[in-house]
>>> print(open('structure.txt').read())   # compact mmCIF, C-alpha atoms
# COMPACT_ATOMS: atom_id res chain seq x y z
CA MET V 1 99.56 94.56 120.47
CA LYS V 2 98.11 92.50 117.62
CA THR V 3 101.13 90.21 117.38
CA SER V 4 104.04 88.90 119.42
CA TYR V 5 107.67 89.21 118.35
CA ALA V 6 107.93 85.50 117.52
CA LYS V 7 107.17 84.81 113.87
CA ARG V 8 104.29 82.42 113.33
CA ASN V 9 103.12 79.99 110.69
CA ILE V 10 100.07 81.30 108.88
CA HIS V 11 98.46 79.64 105.86
CA GLY V 12 96.07 81.49 103.59
CA ILE V 13 95.70 84.20 100.96
CA LEU V 14 95.21 87.90 101.60
CA LEU V 15 93.67 90.04 98.86
CA LEU V 16 95.38 93.39 99.33
CA ASP V 17 94.37 96.65 97.66
CA LYS V 18 97.87 97.98 97.03
CA ARG V 19 98.15 101.72 97.46
CA LEU V 20 99.76 104.16 95.06
CA GLY V 21 103.50 104.81 95.21
CA VAL V 22 104.80 101.62 96.83
CA SER V 23 106.38 98.59 95.18
CA SER V 24 104.73 95.20 95.42
CA ASN V 25 107.63 93.97 97.55
CA ARG V 26 107.26 96.84 100.03
CA ALA V 27 103.51 96.15 100.26
CA LEU V 28 104.31 92.48 100.88
CA GLN V 29 106.80 93.25 103.66
CA GLU V 30 104.35 95.63 105.37
CA VAL V 31 101.63 92.99 105.42
CA LYS V 32 104.03 90.25 106.46
CA ARG V 33 105.07 92.32 109.48
CA LEU V 34 101.48 93.12 110.33
CA PHE V 35 100.57 89.42 110.41
CA ASN V 36 103.91 88.51 112.02
CA ALA V 37 104.16 85.73 109.44
CA ASN V 38 107.11 83.44 108.86
CA LYS V 39 106.64 83.10 105.12
CA ALA V 40 104.82 85.16 102.49
CA GLY V 41 105.00 86.01 98.80
CA HIS V 42 102.96 87.97 96.28
CA THR V 43 101.57 86.79 92.95
CA GLY V 44 102.26 89.12 90.06
CA SER V 45 103.94 92.47 90.67
CA LEU V 46 102.23 95.82 90.34
CA ASP V 47 104.35 98.86 89.51
CA PRO V 48 104.49 101.63 92.14
CA LEU V 49 102.24 103.70 89.84
CA ALA V 50 99.61 100.94 89.90
CA THR V 51 97.03 100.26 92.60
CA GLY V 52 94.56 97.48 93.21
CA LEU V 53 94.36 93.75 93.70
CA LEU V 54 97.59 92.12 94.88
CA PRO V 55 97.10 88.56 96.22
CA ILE V 56 99.57 87.75 99.00
CA CYS V 57 100.15 84.11 99.90
CA PHE V 58 101.14 83.08 103.43
CA GLY V 59 102.85 79.83 104.39
CA GLU V 60 101.67 76.80 102.42
CA ALA V 61 99.63 79.07 100.13
CA THR V 62 102.93 80.06 98.47
CA LYS V 63 102.76 76.64 96.78
CA VAL V 64 99.83 77.85 94.64
CA SER V 65 101.29 81.28 93.84
CA GLY V 66 102.89 80.03 90.63
CA MET V 67 99.53 78.80 89.37
CA MET V 68 97.93 82.14 90.18
CA LEU V 69 100.47 83.90 87.95
CA ASP V 70 98.80 82.17 85.01
CA ASP V 71 95.40 83.72 85.75
CA ASP V 72 93.75 86.24 83.46
CA LYS V 73 93.76 89.81 84.78
CA ARG V 74 91.47 92.83 84.47
CA TYR V 75 92.64 96.45 84.69
CA GLN V 76 91.32 99.97 84.47
CA VAL V 77 93.88 102.29 82.91
CA THR V 78 94.06 105.97 82.08
CA VAL V 79 96.20 106.56 78.99
CA LEU V 80 97.63 110.06 78.54
CA LEU V 81 97.97 111.05 74.89
CA GLY V 82 100.57 113.24 73.23
CA ILE V 83 103.65 112.13 75.17
CA LYS V 84 105.94 109.15 75.35
CA THR V 85 108.18 108.30 78.32
CA ASP V 86 111.15 106.00 78.69
CA THR V 87 109.25 103.76 81.14
CA GLY V 88 105.85 103.73 79.46
CA ASP V 89 104.23 105.55 82.39
CA LEU V 90 104.41 108.88 84.17
CA GLU V 91 107.11 107.59 86.52
CA GLY V 92 109.60 107.97 83.67
CA ASN V 93 111.14 110.82 81.74
CA ILE V 94 109.34 112.33 78.77
CA VAL V 95 111.22 111.46 75.58
CA GLU V 96 108.70 112.61 72.95
CA THR V 97 105.79 115.04 72.72
CA HIS V 98 103.28 115.27 69.87
CA ALA V 99 100.23 117.28 68.94
CA ILE V 100 97.01 115.37 69.52
CA PRO V 101 94.73 115.17 66.46
CA GLU V 102 90.97 115.35 66.72
CA PHE V 103 89.57 111.82 67.20
CA SER V 104 86.02 110.59 67.02
CA VAL V 105 84.82 107.88 69.40
CA GLU V 106 84.30 105.64 66.38
CA THR V 107 87.92 106.09 65.29
CA ILE V 108 89.23 105.25 68.74
CA ARG V 109 87.04 102.15 69.04
CA ALA V 110 88.18 100.98 65.61
CA ILE V 111 91.82 101.30 66.69
CA LEU V 112 91.15 99.50 69.98
CA ALA V 113 89.59 96.66 68.00
CA LYS V 114 92.98 96.10 66.33
CA PHE V 115 94.43 95.20 69.72
CA THR V 116 91.65 92.82 70.72
CA GLY V 117 92.21 89.07 70.43
CA GLU V 118 95.51 87.22 70.07
CA ILE V 119 98.35 89.66 69.40
CA ASP V 120 102.13 89.82 69.62
CA GLN V 121 103.53 92.31 72.12
CA ILE V 122 107.11 93.45 72.67
CA PRO V 123 107.84 93.73 76.42
CA PRO V 124 109.06 97.13 77.70
CA MET V 125 112.70 97.72 78.60
CA TYR V 126 111.57 98.63 82.10
CA SER V 127 110.52 95.09 83.04
CA ALA V 128 111.90 92.28 85.18
CA LEU V 129 112.42 89.97 82.20
CA LYS V 130 116.00 88.75 81.89
CA GLN V 131 118.32 88.82 78.91
CA ASN V 132 121.73 87.15 79.18
CA GLY V 133 121.20 86.85 82.93
CA LYS V 134 120.47 90.53 83.51
CA LYS V 135 117.07 92.13 84.12
CA LEU V 136 115.91 94.45 81.38
CA TYR V 137 115.23 97.33 83.77
CA GLU V 138 118.84 97.13 84.99
CA LEU V 139 120.02 97.56 81.40
CA ALA V 140 117.52 100.38 80.86
CA ARG V 141 118.80 102.25 83.92
CA ASP V 142 122.28 102.08 82.40
CA GLY V 143 120.93 103.65 79.23
CA ILE V 144 121.10 100.39 77.28
CA THR V 145 118.28 99.33 74.97
CA VAL V 146 118.30 95.79 73.57
CA GLU V 147 116.09 94.03 71.08
CA ARG V 148 113.29 92.09 72.76
CA LYS V 149 111.43 89.13 71.38
CA ALA V 150 107.68 89.61 70.91
CA ARG V 151 105.42 87.54 73.17
CA HIS V 152 102.09 86.03 72.24
CA ILE V 153 99.28 87.39 74.47
CA THR V 154 95.49 87.65 74.36
CA ILE V 155 93.40 90.76 74.96
CA PHE V 156 89.95 89.33 75.66
CA GLU V 157 88.26 92.71 76.02
CA LEU V 158 89.42 96.28 75.45
CA THR V 159 86.65 98.72 76.33
CA LEU V 160 86.60 102.51 76.03
CA LEU V 161 85.16 103.84 79.30
CA ALA V 162 85.72 107.56 78.74
CA PHE V 163 87.40 109.86 76.24
CA GLN V 164 88.82 113.36 76.61
CA LYS V 165 90.97 115.27 74.17
CA ASP V 166 94.22 114.23 75.87
CA SER V 167 93.33 110.94 77.55
CA LEU V 168 91.52 107.63 77.26
CA ALA V 169 90.02 105.60 80.10
CA LEU V 170 90.07 101.91 79.22
CA GLU V 171 89.16 98.57 80.78
CA VAL V 172 91.43 95.70 79.78
CA HIS V 173 90.77 91.98 80.27
CA CYS V 174 93.95 90.17 79.30
CA SER V 175 95.99 87.00 79.54
CA LYS V 176 99.10 86.46 81.63
CA GLY V 177 102.23 88.16 80.33
CA THR V 178 100.43 91.29 79.14
CA TYR V 179 102.18 94.62 79.75
CA ILE V 180 99.63 97.42 79.98
CA ARG V 181 102.39 100.00 79.49
CA SER V 182 103.31 98.42 76.16
CA LEU V 183 99.65 98.25 75.19
CA ALA V 184 99.23 101.96 75.93
CA GLU V 185 102.31 102.84 73.88
CA ASP V 186 101.14 100.69 70.95
CA ILE V 187 97.72 102.38 71.01
CA GLY V 188 99.44 105.78 71.06
CA GLN V 189 101.56 104.84 68.09
CA GLU V 190 98.49 103.69 66.18
CA LEU V 191 96.78 107.01 67.00
CA GLY V 192 99.87 108.83 65.73
CA CYS V 193 100.46 110.96 68.81
CA GLY V 194 102.18 108.72 71.34
CA ALA V 195 100.80 107.71 74.74
CA THR V 196 101.82 106.67 78.22
CA VAL V 197 100.10 105.22 81.29
CA GLN V 198 98.83 107.90 83.67
CA ALA V 199 97.03 105.65 86.16
CA LEU V 200 96.52 101.90 86.45
CA ARG V 201 94.35 99.80 88.73
CA ARG V 202 94.06 96.00 88.78
CA THR V 203 90.46 95.05 89.48
CA GLN V 204 90.52 91.29 88.98
CA ALA V 205 92.95 88.38 88.99
CA GLY V 206 91.52 84.97 88.19
CA ARG V 207 88.49 84.33 90.40
CA PHE V 208 89.33 87.19 92.79
CA HIS V 209 88.09 90.77 92.39
CA ILE V 210 88.72 94.20 93.89
CA GLY V 211 85.55 94.05 96.02
CA GLN V 212 87.19 91.32 98.14
CA THR V 213 90.27 93.37 99.02
CA ASN V 214 91.41 95.28 102.09
CA THR V 215 93.76 98.26 102.20
CA LEU V 216 96.72 98.34 104.57
CA GLU V 217 94.93 101.00 106.61
CA GLN V 218 91.85 98.78 106.97
CA LEU V 219 94.01 95.86 108.06
CA GLN V 220 95.87 97.98 110.61
CA ALA V 221 92.56 98.80 112.29
CA LEU V 222 91.77 95.12 112.98
CA ASP V 223 92.62 93.01 116.00
CA ASP V 224 94.50 89.73 115.53
CA GLU V 225 91.41 87.54 115.27
CA GLN V 226 89.88 89.86 112.69
CA LEU V 227 93.14 89.96 110.75
CA LEU V 228 93.25 86.18 110.43
CA ALA V 229 89.60 86.19 109.35
CA THR V 230 90.54 88.21 106.25
CA LEU V 231 92.54 85.26 104.88
CA ILE V 232 91.09 83.09 102.15
CA ASN V 233 91.65 79.33 102.19
CA VAL V 234 94.77 77.98 100.50
CA ASP V 235 92.71 75.95 98.00
CA ALA V 236 90.49 78.91 96.97
CA PRO V 237 92.36 79.58 93.69
CA LEU V 238 91.98 75.91 92.69
CA GLN V 239 88.21 75.59 92.72
CA THR V 240 87.90 74.96 88.98
CA MET V 241 90.00 71.80 89.44
CA PRO V 242 88.09 68.54 90.17
CA ALA V 243 88.30 67.13 93.70
CA VAL V 244 88.70 63.65 95.16
CA TYR V 245 87.85 62.77 98.78
CA LEU V 246 89.88 60.17 100.67
CA ASN V 247 89.25 58.19 103.82
CA ASP V 248 91.75 58.25 106.68
CA GLN V 249 93.67 55.20 105.43
CA GLN V 250 93.92 56.59 101.90
CA ALA V 251 94.96 60.00 103.20
CA THR V 252 97.79 58.48 105.24
CA ALA V 253 98.99 56.51 102.22
CA ILE V 254 98.99 59.55 99.95
CA LYS V 255 100.95 61.54 102.55
CA TYR V 256 103.63 58.84 102.38
CA GLY V 257 103.81 59.20 98.61
CA GLN V 258 101.95 56.00 97.75
CA LEU V 259 99.71 55.50 94.72
CA LEU V 260 96.01 54.88 95.29
CA ASP V 261 93.83 52.73 93.06
CA LEU V 262 90.66 54.85 92.99
CA ASN V 263 89.22 53.77 89.62
CA GLU V 264 87.98 57.33 89.13
CA SER V 265 86.90 58.53 85.70
CA LEU V 266 88.91 61.73 86.23
CA LEU V 267 92.16 62.41 84.44
CA GLY V 268 94.88 64.96 85.18
CA SER V 269 95.35 67.29 88.13
CA VAL V 270 92.90 67.07 91.06
CA ARG V 271 92.45 68.54 94.52
CA MET V 272 92.76 65.98 97.32
CA TYR V 273 90.82 66.11 100.60
CA ALA V 274 90.52 63.98 103.73
CA THR V 275 86.95 64.83 104.71
CA THR V 276 87.23 68.65 104.63
CA GLU V 277 91.02 68.87 105.17
CA PHE V 278 92.87 69.98 102.06
CA LEU V 279 95.79 67.62 101.46
CA GLY V 280 97.17 69.04 98.24
CA LEU V 281 97.28 68.29 94.54
CA GLY V 282 97.33 64.90 92.92
CA GLU V 283 97.43 63.43 89.42
CA MET V 284 94.82 60.97 88.20
CA ARG V 285 96.60 58.65 85.78
CA LEU V 286 95.34 56.71 82.80
CA ASP V 287 95.49 53.48 84.84
CA GLY V 288 92.98 54.89 87.36
CA LYS V 289 95.59 55.45 90.07
CA LEU V 290 95.99 58.66 92.04
CA ALA V 291 99.57 59.89 92.49
CA PRO V 292 100.53 62.65 94.94
CA LYS V 293 101.84 65.71 93.13
CA LYS V 294 102.12 68.57 95.64
CA LEU V 295 101.29 67.98 99.32
CA PHE V 296 100.32 70.73 101.76
CA ASN V 297 100.79 70.69 105.52
CA LEU V 298 98.39 73.21 107.04
CA ASN V 299 99.04 71.99 110.59
CA ILE V 300 102.57 73.37 110.96
>>> encode(input="structure.txt", output="structure tokens")
Amino acid sequence: MKTSYAKRNIHGILLLDKRLGVSSNRALQEVKRLFNANKAGHTGSLDPLATGLLPICFGEATKVSGMMLDDDKRYQVTVLLGIKTDTGDLEGNIVETHAIPEFSVETIRAILAKFTGEIDQIPPMYSALKQNGKKLYELARDGITVERKARHITIFELTLLAFQKDSLALEVHCSKGTYIRSLAEDIGQELGCGATVQALRRTQAGRFHIGQTNTLEQLQALDDEQLLATLINVDAPLQTMPAVYLNDQQATAIKYGQLLDLNESLLGSVRMYATTEFLGLGEMRLDGKLAPKKLFNLNI
């Protein structure tokens, strides 16, 4: 047995390659059971149709999950032309079909260029966004369609990888809040034939990429020591943030919520360490004092 029945405190981040056909929550629960972990959460859902990088935070790492939601993402998507579904992907019901005109590569690239940069995007009805306290997908399942407010997003790169008569293979580098299903539908509308997502794979989220991931099957083949070795440190997503290093006396003070007069030239959010131990996040103020902002306890 890899694990005992007693749940245990584990702190770290697992980069999971989510398989096709399962929800992000199911993938989370499978991994949580495998590690026998007390606490875990994922950062940024992937639809059952989607595969790829799904960071899962254990224990104290859940405190950085909200920050990871803000990271840019990169996807590879296959867009099927000539049809439109009620969900924006092949999981849904076909609601429209259209003949597909002849397109040149130049025409397609010109249309893709229209969606590159800062754009406004209307979220799909099949999404977890709430309106009047109810999730949009709950309304959609009841056959209700409501007006949605456009959201400002950024498509940093939109690259044509391959082109067949009835499909496009694209790579998308985008900001948080981007719905690839909506992007596919908007491209289909611009092409005049409709489109829906056939396949979707997340290949990057922030500083993490698909080459760092493990599948559930790979994880199941590991012993307990090897399993724990797959976890990335809690502070790994925060490496672009400046760091301050405290002595034992300063570390004790900060743990008790006290301000420290460091006279650092830094300003704003910082990582705090006692030697190599990660203490958490602090705020360097204009007066040169360090204030604790979010403390981590990796020893519980």
>>> residues_around(input="structure.txt", residues="Asp287 in chain V", least_positions_apart="2", cutoff="9 Å", atoms="only C-alpha atoms", output="PyMOL selection string")
chain V and resi 261+263+284-285+289-290
>>> residues_around(input="structure.txt", residues="Arg19 in chain V", least_positions_apart="6", cutoff="9 Å", atoms="only C-alpha atoms", output="PyMOL selection string")
chain V and resi 27+48-52+215-216
>>> residues_around(input="structure.txt", residues="Glu217 in chain V", least_positions_apart="6", cutoff="12 Å", atoms="only C-alpha atoms", output="PyMOL selection string")
chain V and resi 16-19+27+30-31+34+227
>>> closest_residue(input="structure.txt", among="V:Glu283, V:Glu185, V:Glu157, V:Asp71", to="Gly88 in chain V", atoms="only C-alpha atoms")
V:Glu185
>>> residues_near_point(input="structure.txt", point="(88.2, 64.5, 102.6)", cutoff="12 Å", atoms="all atoms listed in the file", output="list in words")
Ala243, Val244, Tyr245, Leu246, Asn247, Asp248, Gln249, Gln250, Ala251, Thr252, Arg271, Met272, Tyr273, Ala274, Thr275, Thr276, Glu277, Phe278, Leu279 and Gly280 of chain V
>>> residues_around(input="structure.txt", residues="Asp166 in chain V", least_positions_apart="6", cutoff="9 Å", atoms="all atoms listed in the file", output="compact mmCIF listing (two decimals) with C-alpha atoms, keeping the file's coordinate frame")
# COMPACT_ATOMS: atom_id res chain seq x y z
CA VAL V 79 96.20 106.56 78.99
CA LEU V 80 97.63 110.06 78.54
CA LEU V 81 97.97 111.05 74.89
CA GLY V 82 100.57 113.24 73.23
CA ILE V 100 97.01 115.37 69.52
>>> residues_around(input="structure.txt", residues="Leu228 in chain V", least_positions_apart="4", cutoff="9 Å", atoms="only C-alpha atoms", output="PyMOL selection string")
chain V and resi 10+12+35+223-224
>>> atom_distance(input="structure.txt", atom1="CA of His173 in chain V", atom2="CA of Ser269 in chain V")
26.3 Å
>>> residues_near_point(input="structure.txt", point="(87.5, 96.4, 91.6)", cutoff="12 Å", atoms="all atoms listed in the file", output="NGL selection string")
:V and (15-18 or 51-54 or 73-76 or 171 or 200-205 or 208-214)
>>> closest_residue(input="structure.txt", among="V:Arg207, V:Gln189, V:Ile111, V:Gly21", to="Ala236 in chain V", atoms="all atoms listed in the file")
V:Arg207
>>> atom_distance(input="structure.txt", atom1="CA of Asp120 in chain V", atom2="CA of Cys174 in chain V")
12.7 Å
>>> closest_residue(input="structure.txt", among="V:Leu286, V:Leu238, V:Ile56, V:Ala195", to="Ser265 in chain V", atoms="all atoms listed in the file")
V:Leu286
>>> closest_residue(input="structure.txt", among="V:Ile13, V:Ala6, V:Leu28, V:Leu183", to="Ala229 in chain V", atoms="all atoms listed in the file")
V:Ile13
